[in-house]
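Quick look at data05.cif (mmCIF, C-alpha atoms; chains and numbers go by the auth columns):
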data_input
loop_
_atom_site.group_PDB
_atom_site.id
_atom_site.type_symbol
_atom_site.label_atom_id
_atom_site.label_comp_id
_atom_site.label_asym_id
_atom_site.label_seq_id
_atom_site.Cartn_x
_atom_site.Cartn_y
_atom_site.Cartn_z
_atom_site.B_iso_or_equiv
_atom_site.auth_seq_id
_atom_site.auth_asym_id
ATOM 1 C CA MET A 1 24.236 14.980 66.442 0.00 703 E
ATOM 2 C CA ILE A 2 24.646 17.259 63.429 0.00 704 E
ATOM 3 C CA ASP A 3 26.088 20.698 64.133 0.00 705 E
ATOM 4 C CA THR A 4 23.170 22.567 62.607 0.00 706 E
ATOM 5 C CA ILE A 5 24.775 25.993 62.937 0.00 707 E
ATOM 6 C CA SER A 6 27.987 25.265 61.021 0.00 708 E
ATOM 7 C CA GLU A 7 26.316 23.217 58.302 0.00 709 E
ATOM 8 C CA HIS A 8 23.259 25.410 57.775 0.00 710 E
ATOM 9 C CA LYS A 9 22.976 27.282 54.457 0.00 711 E
ATOM 10 C CA THR A 10 20.398 30.051 54.582 0.00 712 E
ATOM 11 C CA ILE A 11 19.040 32.526 52.079 0.00 713 E
ATOM 12 C CA ASP A 12 18.022 36.143 52.570 0.00 714 E
ATOM 13 C CA GLU A 13 14.867 36.294 54.698 0.00 715 E
ATOM 14 C CA ASP A 14 13.132 38.675 52.293 0.00 716 E
ATOM 15 C CA LEU A 15 13.771 36.197 49.487 0.00 717 E
ATOM 16 C CA ARG A 16 12.461 33.301 51.569 0.00 718 E
ATOM 17 C CA ALA A 17 9.284 35.257 52.332 0.00 719 E
ATOM 18 C CA ALA A 18 8.890 36.227 48.675 0.00 720 E
ATOM 19 C CA LEU A 19 9.117 32.595 47.543 0.00 721 E
ATOM 20 C CA ALA A 20 6.414 31.705 50.047 0.00 722 E
ATOM 21 C CA GLY A 21 4.099 33.990 48.089 0.00 723 E
ATOM 22 C CA PHE A 22 3.934 31.509 45.215 0.00 724 E
ATOM 23 C CA ASP A 23 2.490 28.006 45.086 0.00 725 E
ATOM 24 C CA THR A 24 4.723 24.971 44.727 0.00 726 E
ATOM 25 C CA PRO A 25 3.832 24.291 41.059 0.00 727 E
ATOM 26 C CA THR A 26 5.033 27.809 40.207 0.00 728 E
ATOM 27 C CA ILE A 27 8.305 27.149 42.029 0.00 729 E
ATOM 28 C CA CYS A 28 8.748 23.917 40.063 0.00 730 E
ATOM 29 C CA ASN A 29 8.171 25.821 36.810 0.00 731 E
ATOM 30 C CA ALA A 30 10.628 28.516 37.854 0.00 732 E
ATOM 31 C CA LEU A 31 13.316 25.942 38.635 0.00 733 E
ATOM 32 C CA GLU A 32 13.059 24.724 35.036 0.00 734 E
ATOM 33 C CA ILE A 33 13.960 28.226 33.816 0.00 735 E
ATOM 34 C CA ALA A 34 16.488 29.159 36.492 0.00 736 E
ATOM 35 C CA ALA A 35 18.319 25.824 36.291 0.00 737 E
ATOM 36 C CA PRO A 36 17.769 24.414 32.787 0.00 738 E
ATOM 37 C CA ASP A 37 20.512 21.801 33.228 0.00 739 E
ATOM 38 C CA ARG A 38 18.805 20.398 36.329 0.00 740 E
ATOM 39 C CA SER A 39 16.661 17.341 35.667 0.00 741 E
ATOM 40 C CA ARG A 40 12.960 18.152 35.606 0.00 742 E
ATOM 41 C CA ALA A 41 12.199 14.675 36.968 0.00 743 E
ATOM 42 C CA THR A 42 13.926 15.080 40.333 0.00 744 E
ATOM 43 C CA GLY A 43 13.663 17.143 43.473 0.00 745 E
ATOM 44 C CA PHE A 44 9.912 16.997 44.082 0.00 746 E
ATOM 45 C CA THR A 45 7.353 14.602 45.563 0.00 747 E
ATOM 46 C CA ARG A 46 5.878 12.323 42.920 0.00 748 E
ATOM 47 C CA ASN A 47 2.999 10.763 44.849 0.00 749 E
ATOM 48 C CA THR A 48 -0.130 12.394 46.230 0.00 750 E
ATOM 49 C CA LEU A 49 0.135 13.894 49.711 0.00 751 E
ATOM 50 C CA LEU A 50 -2.852 14.732 51.911 0.00 752 E
ATOM 51 C CA ALA A 51 -2.943 18.264 53.313 0.00 753 E
ATOM 52 C CA VAL A 52 -4.620 18.487 56.717 0.00 754 E
ATOM 53 C CA ASP A 53 -5.544 22.094 55.922 0.00 755 E
ATOM 54 C CA PRO A 54 -5.363 22.817 52.170 0.00 756 E
ATOM 55 C CA THR A 55 -6.287 26.468 52.786 0.00 757 E
ATOM 56 C CA LEU A 56 -2.906 27.195 54.387 0.00 758 E
ATOM 57 C CA PRO A 57 -0.448 29.245 52.318 0.00 759 E
ATOM 58 C CA PRO A 58 2.772 27.736 50.965 0.00 760 E
ATOM 59 C CA MET A 59 5.632 27.236 53.399 0.00 761 E
ATOM 60 C CA VAL A 60 9.362 27.684 52.826 0.00 762 E
ATOM 61 C CA GLY A 61 11.827 26.496 55.425 0.00 763 E
ATOM 62 C CA TYR A 62 14.964 24.564 56.266 0.00 764 E
ATOM 63 C CA ALA A 63 14.628 20.816 56.578 0.00 765 E
ATOM 64 C CA ARG A 64 14.942 18.881 59.798 0.00 766 E
ATOM 65 C CA THR A 65 15.056 15.243 58.797 0.00 767 E
ATOM 66 C CA ALA A 66 14.341 11.959 60.532 0.00 768 E
ATOM 67 C CA MET A 67 13.401 8.337 59.922 0.00 769 E
ATOM 68 C CA ILE A 68 10.725 6.421 61.827 0.00 770 E
ATOM 69 C CA ARG A 69 9.414 2.865 62.173 0.00 771 E
ATOM 70 C CA SER A 70 6.219 1.563 63.707 0.00 772 E
ATOM 71 C CA VAL A 71 5.846 -2.168 63.055 0.00 773 E
ATOM 72 C CA VAL A 72 8.452 -3.318 65.595 0.00 774 E
ATOM 73 C CA GLY A 73 8.931 -1.487 68.866 0.00 775 E
ATOM 74 C CA VAL A 74 11.887 -0.649 71.110 0.00 776 E
ATOM 75 C CA SER A 75 12.188 -0.346 74.880 0.00 777 E
ATOM 76 C CA ALA A 76 10.472 2.597 76.546 0.00 778 E
ATOM 77 C CA GLU A 77 13.853 3.901 77.670 0.00 779 E
ATOM 78 C CA GLU A 78 15.314 3.762 74.163 0.00 780 E
ATOM 79 C CA LYS A 79 12.225 5.380 72.660 0.00 781 E
ATOM 80 C CA ARG A 80 12.361 8.233 75.169 0.00 782 E
ATOM 81 C CA ARG A 81 16.103 8.767 74.671 0.00 783 E
ATOM 82 C CA LYS A 82 15.811 8.893 70.891 0.00 784 E
ATOM 83 C CA SER A 83 12.735 11.137 71.038 0.00 785 E
ATOM 84 C CA LEU A 84 14.497 13.689 73.240 0.00 786 E
ATOM 85 C CA GLU A 85 17.537 13.614 70.983 0.00 787 E
ATOM 86 C CA TYR A 86 15.258 14.257 68.016 0.00 788 E
ATOM 87 C CA TYR A 87 13.368 17.105 69.711 0.00 789 E
ATOM 88 C CA GLU A 88 16.658 18.791 70.612 0.00 790 E
ATOM 89 C CA TYR A 89 17.744 18.508 66.995 0.00 791 E
ATOM 90 C CA ALA A 90 14.420 19.772 65.601 0.00 792 E
ATOM 91 C CA ALA A 91 14.468 22.803 67.900 0.00 793 E
ATOM 92 C CA GLN A 92 17.826 24.113 66.715 0.00 794 E
ATOM 93 C CA GLY A 93 17.916 27.067 64.365 0.00 795 E
ATOM 94 C CA PRO A 94 18.219 28.940 62.194 0.00 796 E
ATOM 95 C CA GLY A 95 14.623 28.698 61.121 0.00 797 E
ATOM 96 C CA PRO A 96 11.903 28.557 60.175 0.00 798 E
ATOM 97 C CA THR A 97 12.028 24.825 59.755 0.00 799 E
ATOM 98 C CA ILE A 98 10.042 22.155 57.949 0.00 800 E
ATOM 99 C CA VAL A 99 10.230 18.643 59.357 0.00 801 E
ATOM 100 C CA VAL A 100 10.695 15.948 56.712 0.00 802 E
ATOM 101 C CA VAL A 101 10.141 12.431 58.070 0.00 803 E
ATOM 102 C CA GLN A 102 10.569 9.198 56.129 0.00 804 E
ATOM 103 C CA ASP A 103 8.682 6.131 57.316 0.00 805 E
ATOM 104 C CA VAL A 104 11.124 3.305 56.546 0.00 806 E
ATOM 105 C CA ASP A 105 8.860 0.366 57.351 0.00 807 E
ATOM 106 C CA ALA A 106 8.378 -2.115 54.508 0.00 808 E
ATOM 107 C CA GLN A 107 4.819 -0.787 54.340 0.00 809 E
ATOM 108 C CA PRO A 108 4.989 2.927 55.206 0.00 810 E
ATOM 109 C CA GLY A 109 1.936 4.350 56.904 0.00 811 E
ATOM 110 C CA THR A 110 1.141 1.389 59.124 0.00 812 E
ATOM 111 C CA ALA A 111 0.812 3.819 62.031 0.00 813 E
ATOM 112 C CA ALA A 112 0.781 7.586 62.507 0.00 814 E
ATOM 113 C CA TRP A 113 3.540 9.641 64.110 0.00 815 E
ATOM 114 C CA TRP A 114 1.849 12.938 63.289 0.00 816 E
ATOM 115 C CA GLY A 115 -1.314 14.052 65.075 0.00 817 E
ATOM 116 C CA GLU A 116 -2.551 16.470 67.729 0.00 818 E
ATOM 117 C CA VAL A 117 0.475 16.260 70.034 0.00 819 E
ATOM 118 C CA HIS A 118 3.285 16.307 67.495 0.00 820 E
ATOM 119 C CA THR A 119 1.823 19.124 65.412 0.00 821 E
ATOM 120 C CA ALA A 120 1.429 21.289 68.530 0.00 822 E
ATOM 121 C CA LEU A 121 4.896 20.338 69.764 0.00 823 E
ATOM 122 C CA HIS A 122 6.640 21.136 66.480 0.00 824 E
ATOM 123 C CA LEU A 123 4.726 24.378 66.029 0.00 825 E
ATOM 124 C CA GLY A 124 6.031 25.364 69.453 0.00 826 E
ATOM 125 C CA LEU A 125 9.571 24.466 68.381 0.00 827 E
ATOM 126 C CA GLY A 126 9.381 26.802 65.383 0.00 828 E
ATOM 127 C CA SER A 127 8.398 24.467 62.566 0.00 829 E
ATOM 128 C CA LEU A 128 6.060 25.692 59.838 0.00 830 E
ATOM 129 C CA GLY A 129 4.895 22.189 58.996 0.00 831 E
ATOM 130 C CA ALA A 130 5.911 18.686 58.053 0.00 832 E
ATOM 131 C CA VAL A 131 6.125 16.419 55.020 0.00 833 E
ATOM 132 C CA THR A 132 6.042 12.638 55.391 0.00 834 E
ATOM 133 C CA ASN A 133 5.509 9.501 53.343 0.00 835 E
ATOM 134 C CA GLY A 134 3.949 8.030 56.472 0.00 836 E
ATOM 135 C CA ALA A 135 0.535 8.264 58.062 0.00 837 E
ATOM 136 C CA ILE A 136 -1.164 11.119 59.890 0.00 838 E
ATOM 137 C CA ARG A 137 -4.183 11.263 62.206 0.00 839 E
ATOM 138 C CA ASP A 138 -6.218 13.577 64.502 0.00 840 E
ATOM 139 C CA LEU A 139 -7.291 15.631 61.504 0.00 841 E
ATOM 140 C CA ASP A 140 -9.669 17.795 63.543 0.00 842 E
ATOM 141 C CA GLN A 141 -7.220 18.287 66.405 0.00 843 E
ATOM 142 C CA CYS A 142 -3.977 19.119 64.577 0.00 844 E
ATOM 143 C CA ALA A 143 -2.433 22.440 65.594 0.00 845 E
ATOM 144 C CA GLU A 144 -3.966 25.365 63.751 0.00 846 E
ATOM 145 C CA GLY A 145 -1.577 26.832 61.226 0.00 847 E
ATOM 146 C CA PHE A 146 0.729 23.813 61.114 0.00 848 E
ATOM 147 C CA ASN A 147 1.019 22.755 57.473 0.00 849 E
ATOM 148 C CA LEU A 148 0.999 18.955 57.613 0.00 850 E
ATOM 149 C CA LEU A 149 1.321 16.836 54.461 0.00 851 E
ATOM 150 C CA GLY A 150 1.069 13.055 54.805 0.00 852 E
ATOM 151 C CA ALA A 151 0.669 10.074 52.516 0.00 853 E
ATOM 152 C CA SER A 152 -2.096 8.223 54.330 0.00 854 E
ATOM 153 C CA LEU A 153 -4.336 8.062 57.384 0.00 855 E
ATOM 154 C CA SER A 154 -4.048 5.705 60.349 0.00 856 E
ATOM 155 C CA PRO A 155 -5.985 5.742 63.641 0.00 857 E
ATOM 156 C CA SER A 156 -3.110 4.212 65.673 0.00 858 E
ATOM 157 C CA HIS A 157 0.461 5.128 66.554 0.00 859 E
ATOM 158 C CA SER A 158 1.301 1.465 67.230 0.00 860 E
ATOM 159 C CA TYR A 159 5.048 1.176 68.041 0.00 861 E
ATOM 160 C CA VAL A 160 6.110 4.272 66.110 0.00 862 E
ATOM 161 C CA HIS A 161 9.543 5.570 67.096 0.00 863 E
ATOM 162 C CA VAL A 162 12.498 7.560 65.737 0.00 864 E
ATOM 163 C CA VAL A 163 15.356 5.485 64.328 0.00 865 E
ATOM 164 C CA ASP A 164 17.613 8.136 62.718 0.00 866 E
ATOM 165 C CA ILE A 165 18.060 11.900 62.893 0.00 867 E
ATOM 166 C CA GLY A 166 19.556 14.501 60.569 0.00 868 E
ATOM 167 C CA CYS A 167 19.883 11.925 57.804 0.00 869 E
ATOM 168 C CA GLU A 168 19.173 11.960 54.089 0.00 870 E
ATOM 169 C CA VAL A 169 15.534 11.024 53.476 0.00 871 E
ATOM 170 C CA ASP A 170 13.487 10.235 50.388 0.00 872 E
ATOM 171 C CA ILE A 171 9.840 11.282 50.249 0.00 873 E
ATOM 172 C CA PHE A 172 8.394 9.844 47.045 0.00 874 E
ATOM 173 C CA GLY A 173 11.414 10.805 44.971 0.00 875 E
ATOM 174 C CA MET A 174 12.194 14.074 46.764 0.00 876 E
ATOM 175 C CA VAL A 175 15.601 13.538 48.364 0.00 877 E
ATOM 176 C CA VAL A 176 16.100 15.871 51.313 0.00 878 E
ATOM 177 C CA GLU A 177 19.200 16.451 53.424 0.00 879 E
ATOM 178 C CA HIS A 178 19.494 18.247 56.734 0.00 880 E
ATOM 179 C CA ALA A 179 18.977 21.993 56.164 0.00 881 E
ATOM 180 C CA SER A 180 17.754 21.639 52.568 0.00 882 E
ATOM 181 C CA LEU A 181 15.512 24.530 51.534 0.00 883 E
ATOM 182 C CA VAL A 182 12.022 23.088 51.047 0.00 884 E
ATOM 183 C CA HIS A 183 8.951 24.679 49.473 0.00 885 E
ATOM 184 C CA ALA A 184 5.627 22.927 50.068 0.00 886 E
ATOM 185 C CA ASP A 185 1.878 23.404 49.881 0.00 887 E
ATOM 186 C CA LYS A 186 -1.249 21.339 49.201 0.00 888 E
ATOM 187 C CA HIS A 187 0.208 20.211 45.856 0.00 889 E
ATOM 188 C CA GLY A 188 3.308 18.595 47.356 0.00 890 E
ATOM 189 C CA ALA A 189 6.888 19.661 48.037 0.00 891 E
ATOM 190 C CA VAL A 190 10.107 20.518 46.209 0.00 892 E
ATOM 191 C CA VAL A 191 13.716 21.139 47.256 0.00 893 E
ATOM 192 C CA ILE A 192 15.172 24.480 46.159 0.00 894 E
ATOM 193 C CA PRO A 193 18.972 24.458 45.788 0.00 895 E
ATOM 194 C CA ALA A 194 20.193 27.405 47.860 0.00 896 E
ATOM 195 C CA GLU A 195 22.402 28.718 45.058 0.00 897 E
ATOM 196 C CA ILE A 196 19.450 28.782 42.641 0.00 898 E
ATOM 197 C CA ALA A 197 16.969 30.458 45.012 0.00 899 E
ATOM 198 C CA PRO A 198 18.047 34.058 44.154 0.00 900 E
ATOM 199 C CA LEU A 199 17.308 33.375 40.470 0.00 901 E
ATOM 200 C CA LEU A 200 13.719 32.305 41.043 0.00 902 E
ATOM 201 C CA PRO A 201 11.961 35.715 41.336 0.00 903 E
ATOM 202 C CA ASP A 202 13.073 36.699 37.810 0.00 904 E
ATOM 203 C CA ALA A 203 12.156 33.243 36.513 0.00 905 E
ATOM 204 C CA ILE A 204 8.700 33.544 38.080 0.00 906 E
ATOM 205 C CA GLU A 205 8.217 36.947 36.448 0.00 907 E
ATOM 206 C CA THR A 206 9.085 35.412 33.083 0.00 908 E
ATOM 207 C CA ILE A 207 6.563 32.628 33.640 0.00 909 E
ATOM 208 C CA ILE A 208 3.831 35.109 34.548 0.00 910 E
ATOM 209 C CA ARG A 209 4.469 37.179 31.414 0.00 911 E
ATOM 210 C CA ARG A 210 4.545 34.126 29.165 0.00 912 E
ATOM 211 C CA GLU A 211 1.358 32.673 30.593 0.00 913 E
ATOM 212 C CA ALA A 212 -0.427 36.046 30.431 0.00 914 E
ATOM 213 C CA VAL A 213 -0.021 36.120 26.654 0.00 915 E
ATOM 214 C CA ILE A 214 -1.537 32.628 26.306 0.00 916 E
ATOM 215 C CA LEU A 215 -4.364 33.248 28.777 0.00 917 E
ATOM 216 C CA ASP A 216 -5.301 36.576 27.203 0.00 918 E
ATOM 217 C CA ALA A 217 -5.588 34.849 23.847 0.00 919 E
ATOM 218 C CA ILE A 218 -7.659 31.981 25.239 0.00 920 E
ATOM 219 C CA ARG A 219 -10.063 34.391 26.915 0.00 921 E
ATOM 220 C CA SER A 220 -10.460 36.639 23.864 0.00 922 E
ATOM 221 C CA SER A 221 -13.814 36.695 22.087 0.00 923 E
ATOM 222 C CA GLY A 222 -12.419 35.514 18.775 0.00 924 E
ATOM 223 C CA PHE A 223 -10.248 32.718 20.115 0.00 925 E
ATOM 224 C CA ASP A 224 -9.367 30.040 17.567 0.00 926 E
ATOM 225 C CA ILE A 225 -6.366 27.897 16.607 0.00 927 E
ATOM 226 C CA GLU A 226 -4.796 30.763 14.642 0.00 928 E
ATOM 227 C CA THR A 227 -5.034 33.025 17.691 0.00 929 E
ATOM 228 C CA LEU A 228 -3.482 30.317 19.833 0.00 930 E
ATOM 229 C CA THR A 229 -0.620 29.774 17.384 0.00 931 E
ATOM 230 C CA ALA A 230 0.193 33.487 17.317 0.00 932 E
ATOM 231 C CA ALA A 231 0.032 33.720 21.107 0.00 933 E
ATOM 232 C CA MET A 232 2.326 30.739 21.548 0.00 934 E
ATOM 233 C CA GLY A 233 4.842 32.382 19.252 0.00 935 E
ATOM 234 C CA LYS A 234 4.753 35.634 21.237 0.00 936 E
ATOM 235 C CA SER A 235 5.042 33.747 24.512 0.00 937 E
ATOM 236 C CA ALA A 236 8.132 31.862 23.343 0.00 938 E
ATOM 237 C CA GLU A 237 9.894 35.153 22.594 0.00 939 E
ATOM 238 C CA ILE A 238 9.617 36.343 26.202 0.00 940 E
ATOM 239 C CA HIS A 239 12.831 35.846 28.183 0.00 941 E
#
For this file, write the structure as structure tokens.
Amino acid sequence: MIDTISEHKTIDEDLRAALAGFDTPTICNALEIAAPDRSRATGFTRNTLLAVDPTLPPMVGYARTAMIRSVVGVSAEEKRRKSLEYYEYAAQGPGPTIVVVQDVDAQPGTAAWWGEVHTALHLGLGSLGAVTNGAIRDLDQCAEGFNLLGASLSPSHSYVHVVDIGCEVDIFGMVVEHASLVHADKHGAVVIPAEIAPLLPDAIETIIRREAVILDAIRSSGFDIETLTAAMGKSAEIH
């Protein structure tokens, strides 16, 4: 099992909490400013995810990763052994954590691993929520406050079981490693490189100032194309 303590890169807790005050699209925008050499086409989920409770605020935490399958089963003994190994891994700090689970079946989402029991269990283990390309269920019974994002719905858990732990996973183009810093909300999720995280508050402030100039112009009584052109020029000068 991964030594989560020695390999865990954390950021200042005040910074983590501050980043949780902004939605995921804003974080994606800020990454473009803070890390201009980083590709804008990587690091985030590209497909639609379903939020069990879209009213929940954004979450920022350290990834606990796993892979699951559900089409073909394993023995009850093997399933129990792997599940306990996974739970031990997921419970280790530092936290808070976000569980990122890749369904590696040929057709992901055949069956649901996430529902009433697993949301309650992971909330108890210190997880803020989960992101998966697999299925979810028990929408009305999921643990209150657990921010669950899934790709589809399924009424059954079939033969679902853990096949790998602490591994690199890919959720619709978002590649996540153990302990990656993840920001997620109802819009989807994005990985924040730990070394870039301290630069994001200033980048967010720049975005807010730039957008304020455009929005003020749009909402003005005499708004026209000339007003927009002037506002866009002013916005571009803000750094």
Any idea what's packed within 10 Å of Ile906 of chain E, counting only C-alpha atoms, ignoring anything in its chain fewer than 5 positions away? Could you give it as an mmCIF file with C-alpha atoms, keeping the file's coordinate frame?
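Final output, part_32.cif:
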data_model
loop_
_atom_site.group_PDB
_atom_site.id
_atom_site.type_symbol
_atom_site.label_atom_id
_atom_site.label_comp_id
_atom_site.auth_asym_id
_atom_site.auth_seq_id
_atom_site.Cartn_x
_atom_site.Cartn_y
_atom_site.Cartn_z
ATOM 1 C CA LEU E 721 9.117 32.595 47.543
ATOM 2 C CA PHE E 724 3.934 31.509 45.215
ATOM 3 C CA THR E 728 5.033 27.809 40.207
ATOM 4 C CA ILE E 729 8.305 27.149 42.029
ATOM 5 C CA CYS E 730 8.748 23.917 40.063
ATOM 6 C CA ASN E 731 8.171 25.821 36.810
ATOM 7 C CA ALA E 732 10.628 28.516 37.854
ATOM 8 C CA LEU E 733 13.316 25.942 38.635
ATOM 9 C CA ILE E 735 13.960 28.226 33.816
ATOM 10 C CA ALA E 736 16.488 29.159 36.492
ATOM 11 C CA LEU E 901 17.308 33.375 40.470
ATOM 12 C CA ARG E 911 4.469 37.179 31.414
ATOM 13 C CA ARG E 912 4.545 34.126 29.165
#
- [ ] Could you list the residues chosen by the PyMOL selection byres ((chain E and resi 741-752) around 10) in this structure as a PyMOL selection string?
- [x] chain E and resi 726-727+730-731+733-734+737-740+753-756+833-838+850-855+872-878+884-895
Open item on the list: Please expand the PyMOL selection byres ((chain E and resi 767) around 7) into the concrete residues it hits in this file, giving the result as number ranges by chain.
Closed with: E: 765-766, 768, 801-803, 867-869, 871, 879-880
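Of the listed residues (E:Ile713, E:Met769, E:Val762, E:Val819), E:Met769 comes nearest to Asp807 of chain E; the distances count all atoms listed in the file.
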- [ ] In Å, rounded to a single decimal, give me how far atom CA of Gly828 of chain E is from atom CA of Arg782 of chain E.
- [x] 21.2 Å
Task: Length of the atom CA of Ser856 of chain E to atom CA of Gly831 of chain E vector [Å] - done: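 Between these atoms lies a distance of 18.8 Å.
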Open item on the list: My list of candidates is E:Thr929, E:Ser937, E:Asn849, E:Ser772. Which is closest to Gly811 of chain E when distances are computed with only C-alpha atoms?
Closed with: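 Nearest candidate to Gly811 of chain E out of E:Thr929, E:Ser937, E:Asn849, E:Ser772: E:Ser772.
Nearest residue to Ala845 of chain E among E:Ala778, E:Leu786, E:Ile920, E:Leu830 is E:Leu830, counting only C-alpha atoms.
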Open item on the list: Here's the selection I'm unsure about, the PyMOL selection byres ((chain E and resi 915) around 12); applied to the file above, which residues does it give, as a VMD selection string?
Closed with: chain E and resid 908 to 914 916 to 922 929 to 940
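Relative to atom CA of Asp805 of chain E, atom CA of His710 of chain E is found at 24.2 Å.
Here the question is which of E:Ala881, E:Gly826, E:Ala814, E:Ala832 gets nearest to Pro857 of chain E using only C-alpha atoms, and that residue is E:Ala814.
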- [ ] Tell me which of E:Gly723, E:Leu717, E:His941, E:Leu827 sits closest to Glu907 of chain E, counting all atoms listed in the file.
- [x]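 Using all atoms listed in the file, the shortest distance to Glu907 of chain E belongs to E:His941.
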Student task, segment 863-886 of chain E output with N, CA and C atoms as a short mmCIF file (atom, residue, chain, number, x, y, z; two decimals), in the first residue's frame:
data_model
loop_
_atom_site.label_atom_id
_atom_site.label_comp_id
_atom_site.auth_asym_id
_atom_site.auth_seq_id
_atom_site.Cartn_x
_atom_site.Cartn_y
_atom_site.Cartn_z
N HIS E 863 -16.55 -4.41 -7.51
CA HIS E 863 -15.50 -4.68 -6.54
C HIS E 863 -14.27 -3.85 -6.89
N VAL E 864 -13.41 -3.63 -5.90
CA VAL E 864 -12.18 -2.87 -6.07
C VAL E 864 -11.13 -3.76 -6.71
N VAL E 865 -10.42 -3.22 -7.72
CA VAL E 865 -9.36 -4.00 -8.36
C VAL E 865 -7.98 -3.36 -8.19
N ASP E 866 -7.91 -2.06 -7.88
CA ASP E 866 -6.62 -1.40 -7.67
C ASP E 866 -6.82 -0.21 -6.75
N ILE E 867 -5.75 0.14 -6.03
CA ILE E 867 -5.82 1.17 -5.00
C ILE E 867 -4.60 2.08 -5.10
N GLY E 868 -4.82 3.39 -4.91
CA GLY E 868 -3.71 4.33 -4.91
C GLY E 868 -3.04 4.47 -6.25
N CYS E 869 -3.76 4.19 -7.31
CA CYS E 869 -3.22 4.17 -8.67
C CYS E 869 -3.57 5.45 -9.42
N GLU E 870 -2.94 5.65 -10.56
CA GLU E 870 -3.32 6.75 -11.43
C GLU E 870 -4.65 6.40 -12.10
N VAL E 871 -5.59 7.35 -12.08
CA VAL E 871 -6.90 7.12 -12.70
C VAL E 871 -7.19 8.24 -13.68
N ASP E 872 -8.11 7.96 -14.59
CA ASP E 872 -8.50 8.93 -15.62
C ASP E 872 -10.02 9.03 -15.62
N ILE E 873 -10.50 10.20 -15.22
CA ILE E 873 -11.95 10.45 -15.20
C ILE E 873 -12.27 11.44 -16.31
N PHE E 874 -12.65 10.91 -17.47
CA PHE E 874 -13.01 11.75 -18.61
C PHE E 874 -11.95 12.79 -18.93
N GLY E 875 -10.71 12.36 -18.99
CA GLY E 875 -9.62 13.25 -19.36
C GLY E 875 -8.91 13.90 -18.19
N MET E 876 -9.46 13.83 -16.99
CA MET E 876 -8.80 14.35 -15.80
C MET E 876 -7.97 13.23 -15.19
N VAL E 877 -6.66 13.31 -15.35
CA VAL E 877 -5.76 12.29 -14.80
C VAL E 877 -5.43 12.67 -13.36
N VAL E 878 -5.66 11.74 -12.46
CA VAL E 878 -5.50 12.00 -11.03
C VAL E 878 -4.59 10.94 -10.43
N GLU E 879 -3.61 11.39 -9.66
CA GLU E 879 -2.73 10.48 -8.92
C GLU E 879 -3.10 10.53 -7.45
N HIS E 880 -2.62 9.57 -6.70
CA HIS E 880 -2.78 9.60 -5.25
C HIS E 880 -2.30 10.94 -4.71
N ALA E 881 -3.12 11.57 -3.89
CA ALA E 881 -2.82 12.82 -3.19
C ALA E 881 -2.88 14.06 -4.07
N SER E 882 -3.28 13.93 -5.35
CA SER E 882 -3.48 15.13 -6.16
C SER E 882 -4.49 16.05 -5.48
N LEU E 883 -4.29 17.36 -5.63
CA LEU E 883 -5.22 18.34 -5.10
C LEU E 883 -6.35 18.51 -6.12
N VAL E 884 -7.57 18.21 -5.71
CA VAL E 884 -8.72 18.23 -6.60
C VAL E 884 -9.74 19.27 -6.15
N HIS E 885 -10.25 20.02 -7.11
CA HIS E 885 -11.33 20.98 -6.86
C HIS E 885 -12.52 20.50 -7.66
N ALA E 886 -13.69 20.42 -7.04
CA ALA E 886 -14.86 19.91 -7.76
C ALA E 886 -16.15 20.53 -7.23
#
